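Coordinates as given in data.cif (mmCIF, C-alpha atoms and all ligand atoms):
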data_final
#
loop_
_atom_site.label_atom_id
_atom_site.label_comp_id
_atom_site.auth_asym_id
_atom_site.auth_seq_id
_atom_site.Cartn_x
_atom_site.Cartn_y
_atom_site.Cartn_z
CA MET A 41 -16.49 -50.86 31.10
CA ILE A 42 -15.42 -47.22 30.60
CA ASP A 43 -13.82 -46.53 27.22
CA ILE A 44 -10.88 -44.18 27.91
CA ALA A 45 -9.88 -44.10 24.23
CA GLU A 46 -13.36 -42.92 23.32
CA LEU A 47 -13.14 -40.18 25.99
CA LYS A 48 -9.80 -39.05 24.61
CA GLU A 49 -11.40 -38.61 21.18
CA GLU A 50 -14.19 -36.58 22.74
CA PHE A 51 -11.67 -34.32 24.45
CA LYS A 52 -9.79 -33.84 21.19
CA ARG A 53 -13.01 -32.70 19.56
CA ASP A 54 -13.72 -30.30 22.43
CA ILE A 55 -10.27 -28.71 22.45
CA GLY A 56 -10.21 -28.54 18.67
CA LEU A 57 -13.22 -26.23 18.74
CA VAL A 58 -11.68 -23.81 21.23
CA ASP A 59 -10.97 -20.40 19.72
CA SER A 60 -11.24 -18.13 22.76
CA ILE A 61 -10.32 -18.02 26.43
CA LYS A 62 -14.03 -18.21 27.27
CA ARG A 63 -14.43 -21.46 25.39
CA LEU A 64 -11.24 -22.81 26.88
CA ASN A 65 -12.65 -22.19 30.35
CA GLU A 66 -15.77 -24.12 29.41
CA VAL A 67 -13.64 -27.06 28.31
CA LYS A 68 -11.51 -26.80 31.45
CA HIS A 69 -14.66 -26.88 33.56
CA LYS A 70 -16.05 -29.88 31.70
CA TRP A 71 -12.83 -31.91 32.02
CA THR A 72 -10.69 -30.78 34.96
CA SER A 73 -12.98 -29.19 37.58
CA LYS A 74 -14.09 -30.87 40.81
CA THR A 75 -17.23 -32.03 39.06
CA GLY A 76 -15.43 -32.62 35.79
CA ILE A 77 -15.03 -35.82 33.80
CA LEU A 78 -11.53 -36.64 35.07
CA LYS A 79 -12.56 -36.35 38.73
CA ASN A 80 -15.59 -38.53 38.08
CA LEU A 81 -13.42 -41.16 36.48
CA SER A 82 -11.11 -41.26 39.51
CA LYS A 83 -14.11 -41.79 41.73
CA LYS A 84 -15.24 -44.71 39.61
CA ILE A 85 -11.98 -46.60 40.08
CA THR A 86 -13.39 -48.54 43.04
CA SER A 87 -16.11 -49.94 40.82
CA ILE A 88 -13.54 -51.49 38.50
CA PRO A 89 -12.77 -55.19 39.09
CA LEU A 90 -9.47 -55.58 40.96
CA GLU A 91 -7.54 -57.29 38.21
CA LYS A 92 -8.34 -54.45 35.74
CA ARG A 93 -7.77 -51.57 38.13
CA ALA A 94 -4.06 -51.13 37.49
CA GLU A 95 -4.52 -50.91 33.75
CA PHE A 96 -7.46 -48.54 34.15
CA GLY A 97 -5.39 -46.34 36.44
CA LYS A 98 -2.60 -46.19 33.92
CA LEU A 99 -4.94 -45.23 31.10
CA LEU A 100 -6.63 -42.65 33.27
CA ASN A 101 -3.28 -41.07 34.20
CA SER A 102 -2.24 -40.82 30.62
CA LEU A 103 -5.58 -39.26 29.68
CA ARG A 104 -5.19 -36.75 32.53
CA ASP A 105 -1.67 -35.84 31.35
CA PHE A 106 -2.90 -35.46 27.82
CA VAL A 107 -5.83 -33.23 28.81
CA ARG A 108 -3.70 -30.99 31.02
CA GLY A 109 -0.96 -30.70 28.40
CA GLU A 110 -3.37 -29.80 25.63
CA ILE A 111 -5.16 -27.22 27.77
CA GLN A 112 -1.87 -25.61 28.75
CA GLU A 113 -0.72 -25.46 25.15
CA LYS A 114 -4.02 -23.94 24.01
CA GLU A 115 -3.86 -21.35 26.75
CA LYS A 116 -0.37 -20.31 25.68
CA VAL A 117 -1.37 -19.92 22.02
CA LEU A 118 -4.51 -17.94 22.86
CA LYS A 119 -2.65 -15.56 25.17
CA GLU A 120 0.01 -14.93 22.57
CA THR A 121 -2.54 -14.00 19.90
CA GLN A 122 -4.37 -11.83 22.37
CA GLU A 123 -1.13 -10.00 23.11
CA ARG A 124 -0.44 -9.49 19.45
CA GLU A 125 -3.92 -8.20 18.68
CA LYS A 126 -3.96 -5.70 21.50
CA ILE A 127 -4.36 -2.22 20.04
CA ASP A 128 -2.48 0.67 21.58
CA PHE A 129 -4.72 3.66 20.90
CA SER A 130 -2.09 6.08 22.21
CA LEU A 131 0.33 5.35 19.34
CA PRO A 132 0.47 7.98 16.58
CA GLY A 133 -1.15 6.86 13.32
CA ARG A 134 0.84 5.61 10.40
CA LYS A 135 0.85 8.21 7.68
CA ILE A 136 0.01 7.04 4.18
CA VAL A 137 2.28 8.66 1.64
CA GLN A 138 0.09 9.91 -1.13
CA GLY A 139 1.45 9.56 -4.64
CA ALA A 140 1.44 12.34 -7.18
CA ILE A 141 1.84 12.60 -10.91
CA HIS A 142 5.44 13.04 -12.07
CA PRO A 143 6.20 16.58 -13.31
CA VAL A 144 7.13 15.28 -16.76
CA THR A 145 3.83 13.41 -16.97
CA VAL A 146 1.97 16.53 -15.79
CA VAL A 147 3.47 18.49 -18.69
CA ILE A 148 2.70 15.70 -21.18
CA TYR A 149 -0.92 15.63 -19.99
CA GLU A 150 -1.18 19.42 -20.31
CA ILE A 151 0.18 19.29 -23.87
CA ILE A 152 -2.17 16.46 -24.82
CA GLU A 153 -5.13 18.37 -23.41
CA ILE A 154 -4.31 21.51 -25.37
CA PHE A 155 -3.97 19.58 -28.63
CA ASN A 156 -7.03 17.44 -27.94
CA SER A 157 -9.00 20.67 -27.78
CA LEU A 158 -7.67 21.45 -31.28
CA GLY A 159 -8.80 18.07 -32.62
CA TYR A 160 -5.47 16.22 -32.51
CA SER A 161 -5.29 12.61 -31.45
CA VAL A 162 -2.41 10.85 -29.68
CA ALA A 163 -0.26 8.41 -31.69
CA GLU A 164 2.40 6.13 -30.25
CA GLY A 165 5.19 3.99 -31.61
CA PRO A 166 7.92 1.61 -30.47
CA GLU A 167 10.97 2.86 -28.56
CA ILE A 168 13.17 0.29 -30.30
CA GLU A 169 13.03 1.50 -33.86
CA ASP A 170 14.72 0.58 -37.11
CA ASP A 171 16.96 2.69 -39.30
CA PHE A 172 14.21 3.21 -41.88
CA HIS A 173 11.63 4.82 -39.57
CA ASN A 174 14.12 6.76 -37.41
CA PHE A 175 16.37 8.06 -40.22
CA GLU A 176 15.93 6.91 -43.82
CA ALA A 177 12.24 7.76 -44.29
CA LEU A 178 12.84 11.11 -42.58
CA ASN A 179 15.26 12.03 -45.33
CA ILE A 180 18.35 11.21 -43.29
CA PRO A 181 20.47 8.86 -45.46
CA PRO A 182 23.41 6.93 -43.93
CA TYR A 183 26.07 9.51 -44.82
CA HIS A 184 24.02 12.44 -43.51
CA PRO A 185 25.73 14.58 -40.83
CA ALA A 186 22.39 14.93 -39.00
CA ARG A 187 23.05 11.43 -37.70
CA ASP A 188 26.00 12.74 -35.70
CA ALA A 189 23.78 15.29 -33.99
CA GLN A 190 21.57 12.48 -32.76
CA ASP A 191 24.15 10.27 -31.06
CA THR A 192 22.42 6.96 -31.36
CA PHE A 193 22.25 3.90 -29.13
CA PHE A 194 22.33 0.94 -31.50
CA VAL A 195 20.73 -2.30 -30.40
CA LYS A 196 21.45 -4.97 -32.98
CA GLY A 197 21.63 -4.94 -36.75
CA ASP A 198 19.61 -1.95 -37.89
CA ARG A 199 17.71 -1.78 -34.60
CA LEU A 200 18.24 1.29 -32.45
CA LEU A 201 16.68 3.24 -29.60
CA ARG A 202 14.70 5.97 -31.32
CA THR A 203 16.49 9.31 -31.12
CA HIS A 204 13.30 11.32 -31.56
CA THR A 205 9.53 10.75 -31.80
CA SER A 206 9.56 11.62 -35.52
CA PRO A 207 9.43 7.93 -36.56
CA VAL A 208 5.85 7.97 -35.26
CA GLN A 209 4.91 10.46 -37.98
CA ILE A 210 6.34 8.05 -40.53
CA ARG A 211 4.41 5.12 -39.06
CA THR A 212 1.22 7.17 -39.00
CA MET A 213 1.55 8.40 -42.59
CA LEU A 214 2.31 4.87 -43.81
CA ALA A 215 -0.70 3.49 -41.95
CA ARG A 216 -3.30 6.07 -42.93
CA LYS A 217 -3.83 8.88 -45.35
CA PRO A 218 -4.59 12.59 -44.76
CA PRO A 219 -6.19 14.46 -43.14
CA ILE A 220 -3.77 13.68 -40.29
CA ARG A 221 -3.61 15.62 -37.06
CA ILE A 222 -1.59 13.89 -34.35
CA ILE A 223 0.73 14.44 -31.47
CA CYS A 224 3.18 11.75 -30.40
CA PRO A 225 4.47 11.88 -26.84
CA GLY A 226 7.13 9.41 -25.74
CA LYS A 227 10.59 8.50 -24.51
CA VAL A 228 13.61 9.02 -26.75
CA TYR A 229 17.29 8.16 -26.31
CA ARG A 230 20.60 9.82 -27.12
CA ARG A 231 24.18 9.38 -25.94
CA ASP A 232 24.16 12.57 -23.93
CA ASN A 233 24.68 13.15 -20.22
CA ASP A 234 25.12 16.47 -18.47
CA LEU A 235 23.15 19.00 -16.38
CA ARG A 236 20.62 19.50 -19.14
CA HIS A 237 20.78 16.21 -21.00
CA SER A 238 19.94 12.72 -19.92
CA PRO A 239 20.38 9.59 -22.09
CA MET A 240 16.61 9.11 -21.90
CA PHE A 241 14.28 12.05 -22.24
CA HIS A 242 10.78 12.87 -23.49
CA GLN A 243 9.55 14.50 -26.65
CA VAL A 244 6.22 15.42 -28.08
CA GLU A 245 6.03 15.53 -31.84
CA GLY A 246 3.17 17.14 -33.72
CA LEU A 247 2.14 16.43 -37.31
CA VAL A 248 -0.56 17.88 -39.52
CA VAL A 249 -1.01 16.79 -43.13
CA ASP A 250 -3.92 17.95 -45.25
CA LYS A 251 -4.77 19.89 -48.39
CA GLY A 252 -3.53 23.48 -48.35
CA ILE A 253 -1.59 23.42 -45.08
CA ALA A 254 0.77 26.43 -44.98
CA PHE A 255 3.40 27.92 -42.69
CA THR A 256 0.82 30.31 -41.23
CA HIS A 257 -1.10 27.31 -39.85
CA LEU A 258 2.06 26.19 -38.09
CA LYS A 259 2.64 29.67 -36.68
CA GLY A 260 -0.91 30.10 -35.47
CA THR A 261 -1.01 26.62 -33.93
CA LEU A 262 2.28 27.09 -32.05
CA LEU A 263 1.30 30.55 -30.82
CA TYR A 264 -1.99 29.22 -29.46
CA PHE A 265 -0.35 26.13 -27.96
CA LEU A 266 2.57 27.90 -26.26
CA ARG A 267 0.33 30.64 -24.87
CA GLU A 268 -1.93 27.99 -23.36
CA LEU A 269 1.12 26.28 -21.87
CA PHE A 270 3.17 29.26 -20.64
CA GLY A 271 0.62 32.06 -20.31
CA LYS A 272 -1.16 34.47 -22.61
CA GLY A 273 1.59 37.09 -22.29
CA ILE A 274 4.35 35.28 -24.17
CA ASN A 275 5.51 35.99 -27.72
CA LEU A 276 7.18 33.76 -30.29
CA ARG A 277 10.30 34.15 -32.34
CA PHE A 278 11.01 31.97 -35.37
CA ARG A 279 14.65 31.55 -36.35
CA PRO A 280 15.57 29.91 -39.66
CA SER A 281 17.03 26.48 -39.06
CA TYR A 282 17.57 23.13 -40.71
CA PHE A 283 16.06 19.69 -40.27
CA PRO A 284 16.36 17.06 -43.00
CA PHE A 285 12.66 16.23 -42.72
CA THR A 286 11.23 19.76 -42.88
CA GLU A 287 11.61 22.55 -45.45
CA PRO A 288 11.62 25.36 -44.51
CA SER A 289 12.62 24.70 -40.92
CA ALA A 290 12.61 26.91 -37.88
CA GLU A 291 13.81 26.98 -34.33
CA VAL A 292 11.11 28.52 -32.15
CA ASP A 293 11.77 30.62 -29.04
CA ILE A 294 9.31 31.96 -26.51
CA SER A 295 9.77 35.26 -24.73
CA CYS A 296 10.90 34.36 -21.22
CA PRO A 297 7.77 34.07 -19.04
CA PHE A 298 9.80 34.75 -15.87
CA CYS A 299 12.03 37.78 -16.35
CA GLU A 300 9.98 40.53 -18.04
CA GLY A 301 13.03 41.88 -19.80
CA SER A 302 15.46 41.66 -16.87
CA ASN A 303 19.06 40.88 -17.78
CA VAL A 304 19.78 38.77 -14.69
CA CYS A 305 17.05 36.14 -15.15
CA LYS A 306 18.24 32.66 -14.14
CA VAL A 307 15.89 30.84 -16.50
CA CYS A 308 16.80 32.57 -19.78
CA GLY A 309 20.25 33.74 -18.67
CA GLY A 310 19.27 37.32 -19.44
CA ALA A 311 18.60 36.57 -23.11
CA ASN A 312 14.86 37.17 -22.61
CA TRP A 313 14.15 34.35 -25.08
CA ILE A 314 14.07 30.61 -24.49
CA GLU A 315 14.52 28.09 -27.26
CA ILE A 316 11.58 25.76 -27.00
CA LEU A 317 11.09 23.63 -30.13
CA GLY A 318 11.99 22.72 -33.67
CA ALA A 319 9.44 22.93 -36.47
CA GLY A 320 8.88 23.22 -40.18
CA MET A 321 6.87 22.24 -43.23
CA VAL A 322 7.08 18.51 -43.89
CA ASP A 323 9.64 17.96 -46.63
CA PRO A 324 7.96 16.74 -49.87
CA ARG A 325 10.43 13.83 -49.91
CA VAL A 326 9.15 12.63 -46.55
CA LEU A 327 5.56 12.74 -47.83
CA ARG A 328 6.63 10.78 -50.90
CA ASN A 329 8.46 8.22 -48.72
CA CYS A 330 5.09 7.61 -47.10
CA ALA A 331 3.18 7.37 -50.38
CA ILE A 332 1.50 10.76 -49.95
CA ASN A 333 1.52 12.94 -53.05
CA PRO A 334 3.11 16.35 -52.21
CA ASP A 335 1.30 17.90 -55.19
CA ASN A 336 -1.98 17.34 -53.38
CA TYR A 337 -0.97 17.52 -49.75
CA SER A 338 1.27 19.53 -47.50
CA GLY A 339 1.90 19.49 -43.79
CA PHE A 340 3.76 20.87 -40.85
CA ALA A 341 5.58 19.17 -37.99
CA PHE A 342 7.14 20.25 -34.75
CA GLY A 343 9.02 18.54 -31.95
CA LEU A 344 9.73 19.61 -28.41
CA GLY A 345 11.56 18.33 -25.36
CA VAL A 346 9.13 17.80 -22.49
CA ASP A 347 11.80 17.57 -19.78
CA ARG A 348 13.18 20.94 -20.80
CA ILE A 349 9.73 22.45 -20.55
CA ALA A 350 9.21 20.87 -17.12
CA MET A 351 12.60 22.27 -16.04
CA ILE A 352 11.60 25.76 -17.20
CA LYS A 353 8.09 25.59 -15.73
CA TYR A 354 9.25 24.31 -12.33
CA SER A 355 12.69 26.04 -12.25
CA ILE A 356 14.62 22.77 -12.04
CA PRO A 357 18.35 23.36 -12.49
CA ASN A 358 19.43 19.76 -13.15
CA ILE A 359 17.61 17.25 -15.36
CA ARG A 360 18.81 14.41 -13.08
CA ILE A 361 16.36 15.66 -10.43
CA LEU A 362 13.52 14.55 -12.68
CA PHE A 363 14.76 10.98 -12.97
CA ASP A 364 16.40 10.23 -9.60
CA ASN A 365 12.88 9.65 -8.25
CA ASP A 366 13.60 11.14 -4.85
CA ILE A 367 10.04 11.38 -3.51
CA ASP A 368 10.90 14.32 -1.21
CA VAL A 369 12.25 16.36 -4.09
CA LEU A 370 9.48 15.41 -6.52
CA SER A 371 6.75 16.23 -3.99
CA GLN A 372 8.27 19.71 -3.57
CA ILE A 373 7.93 20.24 -7.30
CA ASN A 374 4.32 19.17 -7.13
N1 LIG I 1 12.79 15.46 -34.48
C1 LIG I 1 13.46 16.70 -34.22
C2 LIG I 1 14.51 16.46 -33.11
O1 LIG I 1 14.36 15.58 -32.32
C3 LIG I 1 12.52 17.78 -33.79
C4 LIG I 1 11.61 18.21 -34.89
C5 LIG I 1 10.42 17.56 -35.11
C6 LIG I 1 11.97 19.26 -35.73
C7 LIG I 1 9.58 17.93 -36.14
C8 LIG I 1 11.13 19.65 -36.74
C9 LIG I 1 9.96 18.99 -36.93
O2 LIG I 1 15.50 17.14 -33.05
#
Now, as a test, write the supplied structure out as structure tokens.
Ligand code: PHE
Amino acid sequence: MIDIAELKEEFKRDIGLVDSIKRLNEVKHKWTSKTGILKNLSKKITSIPLEKRAEFGKLLNSLRDFVRGEIQEKEKVLKETQEREKIDFSLPGRKIVQGAIHPVTVVIYEIIEIFNSLGYSVAEGPEIEDDFHNFEALNIPPYHPARDAQDTFFVKGDRLLRTHTSPVQIRTMLARKPPIRIICPGKVYRRDNDLRHSPMFHQVEGLVVDKGIAFTHLKGTLLYFLRELFGKGINLRFRPSYFPFTEPSAEVDISCPFCEGSNVCKVCGGANWIEILGAGMVDPRVLRNCAINPDNYSGFAFGLGVDRIAMIKYSIPNIRILFDNDIDVLSQIN
């Protein structure tokens, strides 16, 4: 007796292994050709006893339908995949957009490199600060008008978004003792929004504390640093200023690297000088707040706006351009 069920299982195994048209043709040949299994079975029908012939015929028909159906289905699937995998070599290639470093990051890296070469290390701190590190320890008590100048985003309780990177000097001085030579790059936040101000911007703060540090060290360091950054030709101008955490304090300008004395320069507005950073000798009170004895140690600090420097270096008229993240615009800057 021929076992049709057993044959069906065999076919299922065969078709299950088919993964190409070539293999499908082999299976077709084995099962449906003139010399194939199905044809052979039909021929054998006369050898089946009469009373079983009808049943055998029925089973054979259903096997034939099954085999044909499965083969058709497989053929369809294989052709579809073949179609999909066809490669059209005449199509133009897909261009991969190459990323680049953001102009602000480029400037931060440049600044870090210059100060690394002078033996400074990078220190970082949290962007959500508390009143103590952002104000109090920096000699800015609650009633101090300097707080108005740094329009603050408050978070909750005494938590706030740091308005400058100066709290990192406090954290550093509390954590370790002199000699200290650090720069602190990072994001800062103020309620400000116009062509030149964005509510989030970037600062780099510098701090040196050691025995015998004097204003001349600050001057020499800034002259070296700014000439590395803007070119050997620039000069510095120190204007007396005020910061609660430095004494004396200065506002530092560079001679405009673009206009060579012209009075129509777009970058400096014809002033020939560009205000670039704030600096000063660390106020003895600030040292004391950080348990450093000002009789033994002194220091200088400076802080600058990175975005402003990027705007000057790359002639960017609107700070928004830096943060809208329009790839076309940013890649032009690069
Ligand atoms: N923290 C000051 C600011 O954001 C900048 C500064 C830093 C000035 C260090 C002097 C010394 O305005």
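Closest approach to Ile85 of chain A among A:Lys98, A:Leu103, A:Arg63, A:Thr205 is made by A:Lys98 (distances from all atoms listed in the file).
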Check every protein, DNA and RNA residue against ligand LIG 1 (chain I), keep those with an atom at most 6 Å away (counting all atoms listed in the file), and present them as JSON, numbers by chain. {"A": [204, 206, 245, 318, 319, 320, 341, 342, 343]}
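In terms of minimum interatomic distance to Asp368 of chain A, A:Ala140 ranks closest within A:Val228, A:Ala140, A:Gly197, A:Val322, counting all atoms listed in the file.
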Near Ile55 of chain A, counting all atoms listed in the file, which residues have an atom at most 12 Å away, once you skip same-chain residues fewer than 2 positions from it, shown as a list in words? Lys48, Glu49, Glu50, Phe51, Lys52, Arg53, Leu57, Val58, Asp59, Ser60, Ile61, Arg63, Leu64, Asn65, Glu66, Val67, Lys68, Lys70, Trp71, Phe106, Val107, Arg108, Gly109, Glu110, Ile111, Gln112, Glu113, Lys114 and Glu115 of chain A
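Taking atom CA of Ser102 of chain A and atom CA of Lys116 of chain A as endpoints, the distance between them is 21.2 Å.
Residues within 12 Å of Met240 of chain A, counting only C-alpha atoms and excluding same-chain residues fewer than 6 positions away, are Glu167, Asp191, Thr192, Phe193, Leu201, Arg202, Thr203, His204, Gly226, Lys227, Val228, Tyr229, Arg230, Arg231, Asp232, Asn233, Asp234, Gly345, Val346, Asp347, Ile359, Arg360, Leu362 and Phe363 of chain A.
Counting all atoms listed in the file, the residue from A:His173, A:Thr75, A:Ser281, A:Gln243 that sits nearest to Leu214 of chain A is A:His173.
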Contacts of segment 305-316 of chain A at 6 Å or less, counting only C-alpha atoms, minus same-chain residues fewer than 5 places along, as a PyMOL selection string? chain A and resi 292-296+299
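Comparing the minimum interatomic distances between Ile151 of chain A and each of A:Ile349, A:Ile136, A:Leu131, A:Val369, counting all atoms listed in the file, we find that A:Ile349 sits nearest.
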Record the distance separating atom CA of Leu247 of chain A and atom CA of Leu344 of chain A, expressed in Å with one decimal.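 These two atoms are separated by 12.1 Å.
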Between A:Arg236, A:Arg211, A:Lys83, A:His142, which residue has the minimum interatomic distance to Pro166 of chain A, considering only C-alpha atoms? A:Arg211
Residue among A:Val304, A:Leu263, A:Ile42, A:Val248 lying closest to Arg221 of chain A, counting only C-alpha atoms: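 Among the listed residues, A:Val248 lies closest to Arg221 of chain A.
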What does the structure give for the distance between atom CA of Leu370 of chain A and atom CA of Ser238 of chain A, in Å to one decimal?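 Answer for the atom CA of Leu370 of chain A to atom CA of Ser238 of chain A separation: 17.2 Å.
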Selection: 8 Å around segment 179-181 of chain A, all atoms listed in the file, excl. self and same-chain fewer than 4 positions, as an mmCIF file with C-alpha atoms, in the coordinates of the input:
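After the write, part-v3.cif holds the following:
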data_model
loop_
_atom_site.group_PDB
_atom_site.id
_atom_site.type_symbol
_atom_site.label_atom_id
_atom_site.label_comp_id
_atom_site.auth_asym_id
_atom_site.auth_seq_id
_atom_site.Cartn_x
_atom_site.Cartn_y
_atom_site.Cartn_z
ATOM 1 C CA PHE A 175 16.370 8.060 -40.220
ATOM 2 C CA ALA A 186 22.390 14.930 -39.000
ATOM 3 C CA ARG A 187 23.050 11.430 -37.700
ATOM 4 C CA PRO A 284 16.360 17.060 -43.000
ATOM 5 C CA PHE A 285 12.660 16.230 -42.720
ATOM 6 C CA ARG A 325 10.430 13.830 -49.910
ATOM 7 C CA VAL A 326 9.150 12.630 -46.550
#
Would you kindly return, as a VMD selection string, each protein, DNA or RNA residue with an atom no farther than 8 Å from any atom of Pro218 of chain A, considering only C-alpha atoms and excluding same-chain residues fewer than 6 positions away? chain A and resid 249 to 250 337
My structure is short of atoms at segment 261-269 of chain A; please model all heavy atoms there, returning them as a tab-separated table (two decimals), in the coordinates of the input.
chain	number	residue	atom	x	y	z
A	261	THR	N	-0.84	27.75	-34.85
A	261	THR	CA	-1.01	26.62	-33.93
A	261	THR	C	-0.01	26.73	-32.77
A	261	THR	O	-0.38	26.57	-31.60
A	261	THR	CB	-0.77	25.29	-34.67
A	261	THR	OG1	-1.66	25.23	-35.78
A	261	THR	CG2	-1.01	24.10	-33.76
A	262	LEU	N	1.27	27.01	-33.11
A	262	LEU	CA	2.28	27.09	-32.05
A	262	LEU	C	2.04	28.26	-31.12
A	262	LEU	O	2.23	28.15	-29.91
A	262	LEU	CB	3.68	27.16	-32.67
A	262	LEU	CG	4.16	25.88	-33.37
A	262	LEU	CD1	5.56	26.08	-33.94
A	262	LEU	CD2	4.14	24.69	-32.41
A	263	LEU	N	1.57	29.38	-31.67
A	263	LEU	CA	1.30	30.55	-30.82
A	263	LEU	C	0.19	30.21	-29.83
A	263	LEU	O	0.31	30.46	-28.62
A	263	LEU	CB	0.89	31.75	-31.68
A	263	LEU	CG	0.77	33.07	-30.92
A	263	LEU	CD1	2.12	33.50	-30.34
A	263	LEU	CD2	0.22	34.19	-31.81
A	264	TYR	N	-0.88	29.59	-30.35
A	264	TYR	CA	-1.99	29.22	-29.46
A	264	TYR	C	-1.51	28.22	-28.39
A	264	TYR	O	-1.72	28.40	-27.20
A	264	TYR	CB	-3.13	28.60	-30.27
A	264	TYR	CG	-4.24	28.09	-29.38
A	264	TYR	CD1	-5.17	28.95	-28.82
A	264	TYR	CD2	-4.34	26.72	-29.08
A	264	TYR	CE1	-6.17	28.49	-27.98
A	264	TYR	CE2	-5.34	26.24	-28.23
A	264	TYR	CZ	-6.25	27.13	-27.69
A	264	TYR	OH	-7.22	26.68	-26.86
A	265	PHE	N	-0.80	27.19	-28.86
A	265	PHE	CA	-0.35	26.13	-27.96
A	265	PHE	C	0.57	26.67	-26.86
A	265	PHE	O	0.36	26.43	-25.67
A	265	PHE	CB	0.37	25.04	-28.78
A	265	PHE	CG	1.31	24.17	-28.00
A	265	PHE	CD1	0.87	23.45	-26.90
A	265	PHE	CD2	2.65	24.07	-28.36
A	265	PHE	CE1	1.75	22.64	-26.17
A	265	PHE	CE2	3.53	23.27	-27.64
A	265	PHE	CZ	3.07	22.57	-26.53
A	266	LEU	N	1.58	27.44	-27.24
A	266	LEU	CA	2.57	27.90	-26.26
A	266	LEU	C	1.99	28.94	-25.31
A	266	LEU	O	2.38	29.02	-24.15
A	266	LEU	CB	3.83	28.41	-26.98
A	266	LEU	CG	4.61	27.28	-27.68
A	266	LEU	CD1	5.66	27.84	-28.63
A	266	LEU	CD2	5.28	26.35	-26.65
A	267	ARG	N	0.99	29.70	-25.78
A	267	ARG	CA	0.33	30.64	-24.87
A	267	ARG	C	-0.55	29.89	-23.87
A	267	ARG	O	-0.67	30.29	-22.71
A	267	ARG	CB	-0.48	31.67	-25.64
A	267	ARG	CG	0.42	32.74	-26.23
A	267	ARG	CD	-0.35	33.91	-26.82
A	267	ARG	NE	0.60	34.98	-27.17
A	267	ARG	CZ	0.33	35.97	-28.00
A	267	ARG	NH1	-0.86	36.04	-28.59
A	267	ARG	NH2	1.23	36.89	-28.24
A	268	GLU	N	-1.16	28.81	-24.31
A	268	GLU	CA	-1.93	27.99	-23.36
A	268	GLU	C	-1.00	27.40	-22.30
A	268	GLU	O	-1.34	27.30	-21.14
A	268	GLU	CB	-2.64	26.83	-24.09
A	268	GLU	CG	-3.85	27.24	-24.92
A	268	GLU	CD	-4.98	27.78	-24.05
A	268	GLU	OE1	-5.43	27.05	-23.14
A	268	GLU	OE2	-5.41	28.93	-24.30
A	269	LEU	N	0.20	26.98	-22.76
A	269	LEU	CA	1.12	26.28	-21.87
A	269	LEU	C	1.86	27.23	-20.92
A	269	LEU	O	2.03	26.92	-19.74
A	269	LEU	CB	2.13	25.48	-22.71
A	269	LEU	CG	2.94	24.41	-21.99
A	269	LEU	CD1	2.05	23.32	-21.41
A	269	LEU	CD2	3.96	23.77	-22.94
